[in-house]
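Below is one structure; the comments refer to it alone.
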Amino acid sequence: MDYAARYKTLAIERRGANGGVLDIRMLAANGKLPTAGHDGHRELAEIWRDVSADDSVRCAVLRGEGLGFSGGGDLAMVQDMTTDDVVRQRVWREARDLVYNIVNCDKPIVSAMHGPAVGAGLVAGLLADISIAAKNAKIVDGHTRLGVAAGDHAAIVWPLLCGMAKAKYHLLLCEPVSGEEAERIGLVSLAVEEADLLPRAYEVADRLAAGSQSAIRFTKYALNNWLRQAGPTFDASLALEFMGFAGADVREGVASLREKRAPNFG
């Protein structure tokens, strides 16, 4: 698999014994945070099919470049979604594929989240089989702040990870969660000091790569049936989210973000 030729918004390197661990780094095009533009959103959805099909890969690590793990959707792409139904439907398909491709990827995935973790990157970060966050990471599902329903991964996995009460509190209010608090409520697997984040993620990935691949992959498949059972809930939430991208509130949400002010939803 020629990952360098295929992916432009992801830097992909091999590490570990026989290159069995795939290190996937979301690139910060703005020099600060990785953001999901048209290309980045598509590539983040597609990469998991390639990871699953690549027999040389035994585990993948997903991390962000720069000041944080992910900065959410590029506002130019969001703006296009509010005005162009063709773009809106295409991004809806990519958002659906991102979740299901991670769920169905047979290789274990480890995420290493530092700084802000928002948007499409957060989808992959929390759906990863082992999610590791820096204690000072800032996890935010920003959908209702933008003026659309919390679709993406929220309905399929947050209630399962941290319970319905905490899920509603953080998703309805866009209340940030630190990495340390996320571990306490069960939203992530582990929280560590930021300096220890990558070493710990690589250590976990190396252990997974060295283990019985059939046992690990079959266990992942069986456990992810909990997520597959929630598929109709996820499909409904995603449809409601993208219905919102054709509404008035999202236009105010985008404008408020551009103007760095609180939104006024009327």
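Starting from 1 in every chain, residues are counted up; chains themselves are A, B, ... following the order of the structure tokens, and ligands are numbered from 1 as listed.
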Write out, as JSON lines, each residue of region 108-130 of chain A that has an atom at most 9 Å from region 73-86 of chain A, together with the closest pair of atoms and their distance in Å to one decimal, counting only C-alpha atoms, rows going by chain and rising number.
```
{"residue": "A:Val118", "atom": "CA", "partner": "A:Gly73", "partner_atom": "CA", "distance": 8.3}
{"residue": "A:Gly119", "atom": "CA", "partner": "A:Gly73", "partner_atom": "CA", "distance": 5.9}
{"residue": "A:Ala120", "atom": "CA", "partner": "A:Gly73", "partner_atom": "CA", "distance": 6.8}
{"residue": "A:Gly121", "atom": "CA", "partner": "A:Gly73", "partner_atom": "CA", "distance": 8.9}
```
Per residue of region 201-229 of chain A within 10 Å of region 126-134 of chain A, what are the shortest atom pair and its distance in Å to one decimal, counting only C-alpha atoms, with rows by chain and residue number, as JSON lines?
```
{"residue": "A:Ala201", "atom": "CA", "partner": "A:Ile132", "partner_atom": "CA", "distance": 6.8}
{"residue": "A:Val204", "atom": "CA", "partner": "A:Ile130", "partner_atom": "CA", "distance": 8.3}
{"residue": "A:Ala205", "atom": "CA", "partner": "A:Ile130", "partner_atom": "CA", "distance": 9.0}
{"residue": "A:Lys220", "atom": "CA", "partner": "A:Asp129", "partner_atom": "CA", "distance": 7.7}
{"residue": "A:Leu223", "atom": "CA", "partner": "A:Asp129", "partner_atom": "CA", "distance": 9.8}
{"residue": "A:Asn224", "atom": "CA", "partner": "A:Asp129", "partner_atom": "CA", "distance": 9.3}
{"residue": "A:Leu227", "atom": "CA", "partner": "A:Leu127", "partner_atom": "CA", "distance": 9.6}
```
Query - Shell of 7 Å around region 18-32 of chain A, only C-alpha atoms, local chain residues under 4 positions omitted, as a PyMOL selection string - result: chain A and resi 9-14+56-67+205+209
List every residue of region 63-108 of chain A that has an atom at most 12 Å from any atom of region 156-164 of chain A, and for each one report the closest atom pair and its distance in Å to one decimal, counting only C-alpha atoms, with rows sorted by chain and then by increasing residue number, as a Markdown table.
```
| residue | atom | partner | partner_atom | distance |
| --- | --- | --- | --- | --- |
| A:Arg96 | CA | A:Ile156 | CA | 11.4 |
| A:Val99 | CA | A:Ile156 | CA | 9.1 |
| A:Tyr100 | CA | A:Ile156 | CA | 10.6 |
| A:Val103 | CA | A:Ile156 | CA | 10.7 |
```
Query raised in the report: Which residues come within 9 Å of Asp235 (chain A), counting only C-alpha atoms, excluding same-chain residues fewer than 3 positions away, as a PyMOL selection string?
Result: chain A and resi 96+151+156+230-232+238-240
Report summary line: Closest of A:Ser189, A:Asn101, A:Ser111, A:Ser70 to Ile139 (chain A), counting only C-alpha atoms, is A:Ser70
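Take CA of Ala191 (chain A) and CA of Ala112 (chain A): the distance between them is 9.6 Å.
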Requested in this report: Extract, using only C-alpha atoms, all DNA, RNA and protein residues at most 9 Å from Arg217 (chain A), discarding same-chain residues fewer than 6 positions from it, and format them as a list of chain:residue names.
Outcome: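 Using only C-alpha atoms, the neighbours found are A:Asp106, A:Lys107, A:Pro108.
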I'd like to know which residues of region 34-147 of chain A are helix (DSSP H, G or I) (by DSSP, run on the backbone); could you write them as a compact mmCIF listing (two decimals) with all heavy atoms, in the first residue's frame?
```txt
# COMPACT_ATOMS: atom_id res chain seq x y z
N HIS A 38 -12.45 19.46 2.81
CA HIS A 38 -13.02 18.49 1.87
C HIS A 38 -12.14 17.26 1.73
O HIS A 38 -12.63 16.12 1.82
CB HIS A 38 -13.23 19.17 0.51
CG HIS A 38 -14.34 20.17 0.50
ND1 HIS A 38 -15.67 19.82 0.49
CD2 HIS A 38 -14.32 21.53 0.49
CE1 HIS A 38 -16.42 20.91 0.48
NE2 HIS A 38 -15.62 21.96 0.48
N ASP A 39 -10.84 17.44 1.52
CA ASP A 39 -9.95 16.30 1.34
C ASP A 39 -9.72 15.56 2.66
O ASP A 39 -9.72 14.33 2.68
CB ASP A 39 -8.60 16.76 0.76
CG ASP A 39 -8.72 17.25 -0.67
OD1 ASP A 39 -9.67 16.85 -1.36
OD2 ASP A 39 -7.86 18.04 -1.09
N GLY A 40 -9.51 16.31 3.73
CA GLY A 40 -9.22 15.67 5.01
C GLY A 40 -10.36 14.83 5.52
O GLY A 40 -10.15 13.74 6.07
N HIS A 41 -11.58 15.30 5.35
CA HIS A 41 -12.75 14.55 5.80
C HIS A 41 -12.87 13.24 5.04
O HIS A 41 -13.11 12.18 5.63
CB HIS A 41 -14.01 15.41 5.61
CG HIS A 41 -15.21 14.92 6.35
ND1 HIS A 41 -16.15 14.10 5.75
CD2 HIS A 41 -15.61 15.10 7.64
CE1 HIS A 41 -17.10 13.83 6.64
NE2 HIS A 41 -16.79 14.41 7.79
N ARG A 42 -12.68 13.31 3.73
CA ARG A 42 -12.75 12.09 2.90
C ARG A 42 -11.64 11.11 3.26
O ARG A 42 -11.89 9.91 3.43
CB ARG A 42 -12.64 12.47 1.42
CG ARG A 42 -12.79 11.26 0.49
CD ARG A 42 -12.43 11.58 -0.95
NE ARG A 42 -10.99 11.78 -1.11
CZ ARG A 42 -10.41 12.94 -1.31
NH1 ARG A 42 -11.12 14.05 -1.37
NH2 ARG A 42 -9.10 13.02 -1.47
N GLU A 43 -10.44 11.61 3.44
CA GLU A 43 -9.31 10.71 3.72
C GLU A 43 -9.43 10.07 5.09
O GLU A 43 -9.08 8.89 5.26
CB GLU A 43 -7.99 11.49 3.60
CG GLU A 43 -7.67 11.87 2.16
CD GLU A 43 -6.30 12.49 2.01
OE1 GLU A 43 -5.57 12.62 3.03
OE2 GLU A 43 -5.92 12.83 0.88
N LEU A 44 -9.94 10.81 6.09
CA LEU A 44 -10.08 10.23 7.41
C LEU A 44 -11.13 9.12 7.42
O LEU A 44 -11.06 8.19 8.23
CB LEU A 44 -10.45 11.32 8.42
CG LEU A 44 -10.38 10.92 9.90
CD1 LEU A 44 -8.96 10.47 10.29
CD2 LEU A 44 -10.83 12.07 10.79
N ALA A 45 -12.09 9.19 6.52
CA ALA A 45 -13.07 8.12 6.39
C ALA A 45 -12.49 6.91 5.65
O ALA A 45 -12.77 5.76 6.00
CB ALA A 45 -14.32 8.63 5.68
N GLU A 46 -11.66 7.17 4.63
CA GLU A 46 -11.18 6.09 3.77
C GLU A 46 -10.03 5.28 4.36
O GLU A 46 -9.88 4.10 4.07
CB GLU A 46 -10.73 6.67 2.42
CG GLU A 46 -11.86 7.16 1.55
CD GLU A 46 -11.36 7.74 0.22
OE1 GLU A 46 -10.13 7.87 0.06
OE2 GLU A 46 -12.21 8.06 -0.62
N ILE A 47 -9.22 5.91 5.20
CA ILE A 47 -7.99 5.26 5.65
C ILE A 47 -8.25 3.93 6.35
O ILE A 47 -7.47 2.99 6.23
CB ILE A 47 -7.18 6.21 6.58
CG1 ILE A 47 -5.86 5.58 7.00
CG2 ILE A 47 -7.98 6.60 7.80
CD1 ILE A 47 -4.90 5.29 5.88
N TRP A 48 -9.40 3.80 7.02
CA TRP A 48 -9.65 2.58 7.81
C TRP A 48 -9.95 1.38 6.93
O TRP A 48 -9.69 0.25 7.32
CB TRP A 48 -10.75 2.85 8.83
CG TRP A 48 -10.45 4.10 9.58
CD1 TRP A 48 -11.11 5.30 9.51
CD2 TRP A 48 -9.33 4.32 10.45
NE1 TRP A 48 -10.48 6.24 10.29
CE2 TRP A 48 -9.39 5.67 10.88
CE3 TRP A 48 -8.30 3.50 10.92
CZ2 TRP A 48 -8.45 6.21 11.76
CZ3 TRP A 48 -7.37 4.04 11.78
CH2 TRP A 48 -7.45 5.37 12.19
N ARG A 49 -10.47 1.63 5.73
CA ARG A 49 -10.62 0.52 4.78
C ARG A 49 -9.25 -0.01 4.35
O ARG A 49 -9.03 -1.22 4.25
CB ARG A 49 -11.40 0.98 3.54
CG ARG A 49 -12.89 1.20 3.74
CD ARG A 49 -13.58 1.27 2.39
NE ARG A 49 -15.00 1.60 2.51
CZ ARG A 49 -15.51 2.77 2.20
NH1 ARG A 49 -14.73 3.74 1.76
NH2 ARG A 49 -16.81 3.00 2.31
N ASP A 50 -8.33 0.91 4.11
CA ASP A 50 -6.99 0.51 3.69
C ASP A 50 -6.25 -0.19 4.83
O ASP A 50 -5.51 -1.16 4.60
CB ASP A 50 -6.20 1.72 3.20
CG ASP A 50 -6.69 2.21 1.85
OD1 ASP A 50 -7.35 1.44 1.14
OD2 ASP A 50 -6.42 3.38 1.51
N VAL A 51 -6.40 0.31 6.05
CA VAL A 51 -5.78 -0.34 7.20
C VAL A 51 -6.29 -1.77 7.32
O VAL A 51 -5.53 -2.71 7.56
CB VAL A 51 -6.06 0.45 8.50
CG1 VAL A 51 -5.66 -0.35 9.73
CG2 VAL A 51 -5.32 1.78 8.47
N SER A 52 -7.58 -1.94 7.14
CA SER A 52 -8.18 -3.27 7.26
C SER A 52 -7.69 -4.20 6.15
O SER A 52 -7.48 -5.40 6.38
CB SER A 52 -9.70 -3.16 7.21
OG SER A 52 -10.32 -4.34 7.65
N ALA A 53 -7.49 -3.66 4.96
CA ALA A 53 -7.10 -4.49 3.82
C ALA A 53 -5.61 -4.78 3.76
O ALA A 53 -5.18 -5.70 3.06
CB ALA A 53 -7.53 -3.81 2.52
N LEU A 75 -14.22 25.60 8.30
CA LEU A 75 -15.43 26.41 8.15
C LEU A 75 -15.81 26.62 6.68
O LEU A 75 -16.99 26.80 6.37
CB LEU A 75 -15.25 27.76 8.85
CG LEU A 75 -15.35 27.73 10.37
CD1 LEU A 75 -15.17 29.15 10.94
CD2 LEU A 75 -16.67 27.14 10.83
N ALA A 76 -14.83 26.59 5.79
CA ALA A 76 -15.16 26.73 4.37
C ALA A 76 -15.98 25.53 3.90
O ALA A 76 -16.95 25.69 3.13
CB ALA A 76 -13.87 26.85 3.55
N MET A 77 -15.62 24.32 4.37
CA MET A 77 -16.40 23.15 4.01
C MET A 77 -17.79 23.21 4.64
O MET A 77 -18.79 22.89 3.99
CB MET A 77 -15.69 21.87 4.46
CG MET A 77 -16.42 20.59 4.05
SD MET A 77 -15.67 19.06 4.65
CE MET A 77 -16.20 19.10 6.37
N VAL A 78 -17.86 23.63 5.89
CA VAL A 78 -19.16 23.76 6.55
C VAL A 78 -20.04 24.75 5.79
O VAL A 78 -21.24 24.51 5.58
CB VAL A 78 -18.99 24.18 8.02
CG1 VAL A 78 -20.35 24.43 8.67
CG2 VAL A 78 -18.23 23.11 8.80
N GLN A 79 -19.46 25.87 5.37
CA GLN A 79 -20.20 26.87 4.60
C GLN A 79 -20.73 26.26 3.32
O GLN A 79 -21.90 26.48 2.94
CB GLN A 79 -19.30 28.06 4.29
CG GLN A 79 -20.01 29.21 3.58
CD GLN A 79 -20.92 29.98 4.51
OE1 GLN A 79 -20.50 30.40 5.58
NE2 GLN A 79 -22.18 30.15 4.12
N ASP A 80 -19.91 25.47 2.63
CA ASP A 80 -20.35 24.81 1.40
C ASP A 80 -21.52 23.87 1.67
O ASP A 80 -22.45 23.76 0.86
CB ASP A 80 -19.20 24.04 0.77
CG ASP A 80 -18.12 24.93 0.19
OD1 ASP A 80 -18.40 26.14 -0.01
OD2 ASP A 80 -17.01 24.44 -0.05
N MET A 81 -21.49 23.20 2.82
CA MET A 81 -22.56 22.27 3.16
C MET A 81 -23.89 22.98 3.38
O MET A 81 -24.96 22.41 3.16
CB MET A 81 -22.19 21.47 4.40
CG MET A 81 -21.05 20.49 4.19
SD MET A 81 -20.36 19.92 5.75
CE MET A 81 -21.76 19.11 6.51
N THR A 82 -23.84 24.22 3.82
CA THR A 82 -25.07 24.96 4.08
C THR A 82 -25.74 25.46 2.80
O THR A 82 -26.93 25.79 2.82
CB THR A 82 -24.82 26.16 5.01
OG1 THR A 82 -24.03 27.15 4.33
CG2 THR A 82 -24.13 25.74 6.30
N THR A 83 -25.00 25.51 1.70
CA THR A 83 -25.53 26.11 0.47
C THR A 83 -25.60 25.13 -0.70
O THR A 83 -26.30 25.43 -1.68
CB THR A 83 -24.66 27.30 0.04
OG1 THR A 83 -23.30 26.86 -0.17
CG2 THR A 83 -24.67 28.39 1.10
N ASP A 85 -26.42 21.25 -1.83
CA ASP A 85 -26.96 19.95 -1.42
C ASP A 85 -26.08 18.79 -1.89
O ASP A 85 -26.01 17.76 -1.22
CB ASP A 85 -28.38 19.76 -1.95
CG ASP A 85 -29.06 18.52 -1.38
OD1 ASP A 85 -29.14 18.41 -0.15
OD2 ASP A 85 -29.48 17.66 -2.18
N VAL A 86 -25.42 18.94 -3.02
CA VAL A 86 -24.52 17.89 -3.50
C VAL A 86 -23.37 17.70 -2.51
O VAL A 86 -23.01 16.57 -2.16
CB VAL A 86 -23.99 18.22 -4.91
CG1 VAL A 86 -22.92 17.21 -5.33
CG2 VAL A 86 -25.13 18.22 -5.92
N VAL A 87 -22.78 18.79 -2.05
CA VAL A 87 -21.71 18.72 -1.05
C VAL A 87 -22.25 18.13 0.25
O VAL A 87 -21.62 17.26 0.86
CB VAL A 87 -21.11 20.12 -0.79
CG1 VAL A 87 -20.14 20.07 0.39
CG2 VAL A 87 -20.40 20.63 -2.04
N ARG A 88 -23.43 18.58 0.65
CA ARG A 88 -24.01 18.10 1.91
C ARG A 88 -24.22 16.58 1.88
O ARG A 88 -23.90 15.88 2.84
CB ARG A 88 -25.34 18.83 2.16
CG ARG A 88 -25.95 18.57 3.51
CD ARG A 88 -26.94 19.67 3.89
NE ARG A 88 -27.98 19.86 2.90
CZ ARG A 88 -28.14 20.99 2.20
NH1 ARG A 88 -27.33 22.02 2.38
NH2 ARG A 88 -29.12 21.11 1.32
N GLN A 89 -24.73 16.06 0.78
CA GLN A 89 -24.96 14.62 0.69
C GLN A 89 -23.63 13.86 0.65
O GLN A 89 -23.52 12.76 1.21
CB GLN A 89 -25.81 14.29 -0.53
CG GLN A 89 -27.25 14.76 -0.39
CD GLN A 89 -28.14 14.20 -1.48
OE1 GLN A 89 -27.99 13.06 -1.89
NE2 GLN A 89 -29.08 15.02 -1.96
N ARG A 90 -22.64 14.43 -0.04
CA ARG A 90 -21.34 13.75 -0.09
C ARG A 90 -20.70 13.68 1.28
O ARG A 90 -20.20 12.63 1.69
CB ARG A 90 -20.40 14.50 -1.04
CG ARG A 90 -19.12 13.73 -1.37
CD ARG A 90 -17.99 14.65 -1.80
NE ARG A 90 -17.40 15.34 -0.66
CZ ARG A 90 -17.15 16.65 -0.64
NH1 ARG A 90 -17.45 17.42 -1.66
NH2 ARG A 90 -16.60 17.19 0.45
N VAL A 91 -20.74 14.77 2.03
CA VAL A 91 -20.13 14.78 3.37
C VAL A 91 -20.92 13.88 4.32
O VAL A 91 -20.33 13.23 5.19
CB VAL A 91 -20.02 16.21 3.91
CG1 VAL A 91 -19.43 16.23 5.32
CG2 VAL A 91 -19.15 17.06 2.98
N TRP A 92 -22.23 13.80 4.15
CA TRP A 92 -23.05 12.87 4.94
C TRP A 92 -22.57 11.44 4.72
O TRP A 92 -22.41 10.68 5.68
CB TRP A 92 -24.52 13.00 4.55
CG TRP A 92 -25.34 11.84 5.01
CD1 TRP A 92 -25.75 11.56 6.29
CD2 TRP A 92 -25.84 10.76 4.19
NE1 TRP A 92 -26.47 10.39 6.32
CE2 TRP A 92 -26.54 9.88 5.05
CE3 TRP A 92 -25.76 10.48 2.83
CZ2 TRP A 92 -27.16 8.71 4.57
CZ3 TRP A 92 -26.38 9.32 2.36
CH2 TRP A 92 -27.06 8.46 3.22
N ARG A 93 -22.34 11.05 3.46
CA ARG A 93 -21.86 9.70 3.19
C ARG A 93 -20.50 9.46 3.82
O ARG A 93 -20.24 8.38 4.38
CB ARG A 93 -21.80 9.45 1.67
CG ARG A 93 -23.16 9.30 1.01
CD ARG A 93 -23.03 8.82 -0.42
NE ARG A 93 -22.35 9.79 -1.28
CZ ARG A 93 -22.97 10.76 -1.94
NH1 ARG A 93 -24.29 10.90 -1.87
NH2 ARG A 93 -22.29 11.59 -2.71
N GLU A 94 -19.62 10.46 3.76
CA GLU A 94 -18.29 10.33 4.37
C GLU A 94 -18.39 10.20 5.88
O GLU A 94 -17.68 9.40 6.49
CB GLU A 94 -17.43 11.52 3.99
CG GLU A 94 -17.07 11.59 2.51
CD GLU A 94 -16.43 12.91 2.12
OE1 GLU A 94 -16.30 13.80 2.99
OE2 GLU A 94 -16.06 13.07 0.94
N ALA A 95 -19.28 10.99 6.50
CA ALA A 95 -19.45 10.92 7.95
C ALA A 95 -19.98 9.56 8.37
O ALA A 95 -19.56 9.00 9.39
CB ALA A 95 -20.39 12.03 8.41
N ARG A 96 -20.90 9.02 7.59
CA ARG A 96 -21.41 7.66 7.85
C ARG A 96 -20.29 6.64 7.70
O ARG A 96 -20.10 5.77 8.56
CB ARG A 96 -22.53 7.36 6.85
CG ARG A 96 -23.09 5.94 6.92
CD ARG A 96 -23.80 5.60 5.62
NE ARG A 96 -22.88 5.63 4.48
CZ ARG A 96 -23.27 5.65 3.21
NH1 ARG A 96 -24.55 5.70 2.90
NH2 ARG A 96 -22.37 5.65 2.23
N ASP A 97 -19.52 6.76 6.61
CA ASP A 97 -18.45 5.79 6.37
C ASP A 97 -17.36 5.88 7.42
O ASP A 97 -16.78 4.86 7.80
CB ASP A 97 -17.84 6.03 4.98
CG ASP A 97 -18.80 5.67 3.85
OD1 ASP A 97 -19.83 5.03 4.13
OD2 ASP A 97 -18.51 6.04 2.69
N LEU A 98 -17.06 7.09 7.90
CA LEU A 98 -16.03 7.24 8.93
C LEU A 98 -16.36 6.38 10.14
O LEU A 98 -15.51 5.63 10.65
CB LEU A 98 -15.91 8.71 9.34
CG LEU A 98 -15.01 9.02 10.53
CD1 LEU A 98 -13.59 8.51 10.32
CD2 LEU A 98 -15.00 10.52 10.81
N VAL A 99 -17.58 6.46 10.62
CA VAL A 99 -17.98 5.67 11.80
C VAL A 99 -17.97 4.18 11.49
O VAL A 99 -17.34 3.38 12.20
CB VAL A 99 -19.35 6.13 12.30
CG1 VAL A 99 -19.92 5.14 13.33
CG2 VAL A 99 -19.27 7.53 12.90
N TYR A 100 -18.64 3.77 10.44
CA TYR A 100 -18.75 2.34 10.16
C TYR A 100 -17.42 1.73 9.73
O TYR A 100 -17.15 0.55 10.03
CB TYR A 100 -19.83 2.09 9.11
CG TYR A 100 -21.24 2.22 9.64
CD1 TYR A 100 -22.18 3.01 9.00
CD2 TYR A 100 -21.62 1.56 10.80
CE1 TYR A 100 -23.48 3.13 9.49
CE2 TYR A 100 -22.91 1.68 11.30
CZ TYR A 100 -23.83 2.46 10.64
OH TYR A 100 -25.11 2.58 11.14
N ASN A 101 -16.57 2.49 9.06
CA ASN A 101 -15.27 1.95 8.67
C ASN A 101 -14.38 1.70 9.88
O ASN A 101 -13.61 0.73 9.90
CB ASN A 101 -14.56 2.89 7.70
CG ASN A 101 -15.19 2.89 6.32
OD1 ASN A 101 -16.01 2.04 6.01
ND2 ASN A 101 -14.81 3.85 5.49
N ILE A 102 -14.47 2.56 10.90
CA ILE A 102 -13.71 2.32 12.13
C ILE A 102 -14.28 1.12 12.87
O ILE A 102 -13.53 0.25 13.34
CB ILE A 102 -13.72 3.58 13.02
CG1 ILE A 102 -12.92 4.70 12.36
CG2 ILE A 102 -13.13 3.28 14.40
CD1 ILE A 102 -13.02 6.03 13.08
N VAL A 103 -15.59 1.07 13.00
CA VAL A 103 -16.24 -0.05 13.70
C VAL A 103 -15.88 -1.37 13.03
O VAL A 103 -15.61 -2.37 13.70
CB VAL A 103 -17.77 0.16 13.73
CG1 VAL A 103 -18.48 -1.10 14.22
CG2 VAL A 103 -18.13 1.34 14.61
N ASN A 104 -15.84 -1.39 11.70
CA ASN A 104 -15.64 -2.64 10.96
C ASN A 104 -14.18 -2.92 10.62
O ASN A 104 -13.88 -4.01 10.12
CB ASN A 104 -16.47 -2.62 9.68
CG ASN A 104 -17.96 -2.66 9.97
OD1 ASN A 104 -18.41 -3.33 10.90
ND2 ASN A 104 -18.74 -1.93 9.19
N GLY A 119 -14.64 17.53 16.45
CA GLY A 119 -15.04 17.24 15.08
C GLY A 119 -14.72 15.84 14.61
O GLY A 119 -14.74 14.88 15.38
N ALA A 120 -14.41 15.72 13.31
CA ALA A 120 -14.20 14.41 12.70
C ALA A 120 -13.05 13.66 13.36
O ALA A 120 -13.09 12.44 13.50
CB ALA A 120 -13.94 14.56 11.20
N GLY A 121 -11.99 14.39 13.76
CA GLY A 121 -10.90 13.73 14.46
C GLY A 121 -11.37 13.10 15.75
O GLY A 121 -10.96 11.99 16.11
N LEU A 122 -12.26 13.80 16.47
CA LEU A 122 -12.77 13.25 17.72
C LEU A 122 -13.58 11.99 17.49
O LEU A 122 -13.58 11.08 18.33
CB LEU A 122 -13.62 14.31 18.43
CG LEU A 122 -14.23 13.90 19.77
CD1 LEU A 122 -13.14 13.55 20.79
CD2 LEU A 122 -15.13 14.99 20.32
N VAL A 123 -14.29 11.93 16.36
CA VAL A 123 -15.02 10.71 16.01
C VAL A 123 -14.08 9.51 16.07
O VAL A 123 -14.35 8.50 16.73
CB VAL A 123 -15.64 10.82 14.61
CG1 VAL A 123 -16.30 9.50 14.20
CG2 VAL A 123 -16.65 11.95 14.54
N ALA A 124 -12.96 9.63 15.36
CA ALA A 124 -12.00 8.54 15.32
C ALA A 124 -11.32 8.33 16.67
O ALA A 124 -11.04 7.20 17.08
CB ALA A 124 -10.95 8.80 14.25
N GLY A 125 -11.07 9.44 17.38
CA GLY A 125 -10.40 9.34 18.67
C GLY A 125 -11.19 8.56 19.69
O GLY A 125 -10.64 7.74 20.44
N LEU A 126 -12.51 8.79 19.74
CA LEU A 126 -13.33 8.10 20.74
C LEU A 126 -13.83 6.74 20.29
O LEU A 126 -14.15 5.89 21.12
CB LEU A 126 -14.52 8.99 21.14
CG LEU A 126 -14.18 10.25 21.93
CD1 LEU A 126 -15.45 10.97 22.37
CD2 LEU A 126 -13.31 9.94 23.16
N LEU A 127 -13.89 6.51 18.98
CA LEU A 127 -14.26 5.19 18.48
C LEU A 127 -13.08 4.24 18.43
O LEU A 127 -13.26 3.04 18.21
CB LEU A 127 -14.90 5.29 17.09
CG LEU A 127 -16.35 5.78 17.04
CD1 LEU A 127 -16.77 6.00 15.60
CD2 LEU A 127 -17.29 4.79 17.72
N HIS A 143 -21.29 20.28 18.12
CA HIS A 143 -22.39 20.35 17.16
C HIS A 143 -23.47 21.35 17.54
O HIS A 143 -23.89 22.16 16.71
CB HIS A 143 -22.99 18.95 16.97
CG HIS A 143 -22.17 18.05 16.13
ND1 HIS A 143 -21.12 17.32 16.62
CD2 HIS A 143 -22.23 17.77 14.80
CE1 HIS A 143 -20.57 16.63 15.64
NE2 HIS A 143 -21.21 16.88 14.54
N THR A 144 -23.98 21.29 18.77
CA THR A 144 -25.08 22.20 19.11
C THR A 144 -24.61 23.65 19.15
O THR A 144 -25.40 24.56 18.90
CB THR A 144 -25.73 21.81 20.45
OG1 THR A 144 -24.78 21.87 21.51
CG2 THR A 144 -26.32 20.40 20.37
N ARG A 145 -23.34 23.89 19.44
CA ARG A 145 -22.78 25.25 19.35
C ARG A 145 -22.82 25.75 17.91
O ARG A 145 -23.00 26.94 17.65
CB ARG A 145 -21.35 25.24 19.89
CG ARG A 145 -20.49 26.46 19.57
CD ARG A 145 -21.04 27.73 20.22
NE ARG A 145 -20.19 28.89 19.98
CZ ARG A 145 -20.18 29.60 18.86
NH1 ARG A 145 -20.98 29.27 17.85
NH2 ARG A 145 -19.40 30.65 18.73
N LEU A 146 -22.66 24.83 16.96
CA LEU A 146 -22.69 25.19 15.55
C LEU A 146 -24.12 25.36 15.05
O LEU A 146 -24.36 26.03 14.05
CB LEU A 146 -21.97 24.11 14.73
CG LEU A 146 -21.82 24.31 13.23
CD1 LEU A 146 -21.00 25.57 12.92
CD2 LEU A 146 -21.17 23.09 12.59
```
Query raised in the report: When you draw a straight line from CA of Glu252 (chain A) to CA of Lys138 (chain A), how long is it in Å?
Result: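 We find that CA of Glu252 (chain A) and CA of Lys138 (chain A) lie 24.1 Å from each other.
DSSP annotation of region 39-254 of chain A from backbone atoms: strand (DSSP E or B) residues are Cys59, Ala60, Val61, Leu62, Arg63, Gly64, Ser70, Gly71, Gly73, Ile109, Val110, Ser111, Ala112, Met113, Pro116, Ala117, Val118, Ile130, Ser131, Ile132, Ala133, Ala134, Lys138, Ile139, Val177, Ser178, Leu190, Ala191 and Val192 of chain A.
Of note, CA of Ala149 (chain A) and CA of Ala182 (chain A) are spaced 21.6 Å apart.
Across A:Ala246, A:Gly186, A:Glu193, A:Phe218, the tightest approach to Cys105 (chain A) is made by A:Phe218 when counting only C-alpha atoms.
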Requested in this report: Identify which of the residues A:Gly247, A:Phe234, A:Arg207, A:Ile216 lies closest to Ala17 (chain A), counting only C-alpha atoms when measuring atom-to-atom distances.
Outcome: A:Arg207
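When only C-alpha atoms are used to measure the gap to Gly266 (chain A), the shortest distance among A:Glu180, A:Gly211, A:Leu171, A:Gly147 belongs to A:Gly147.
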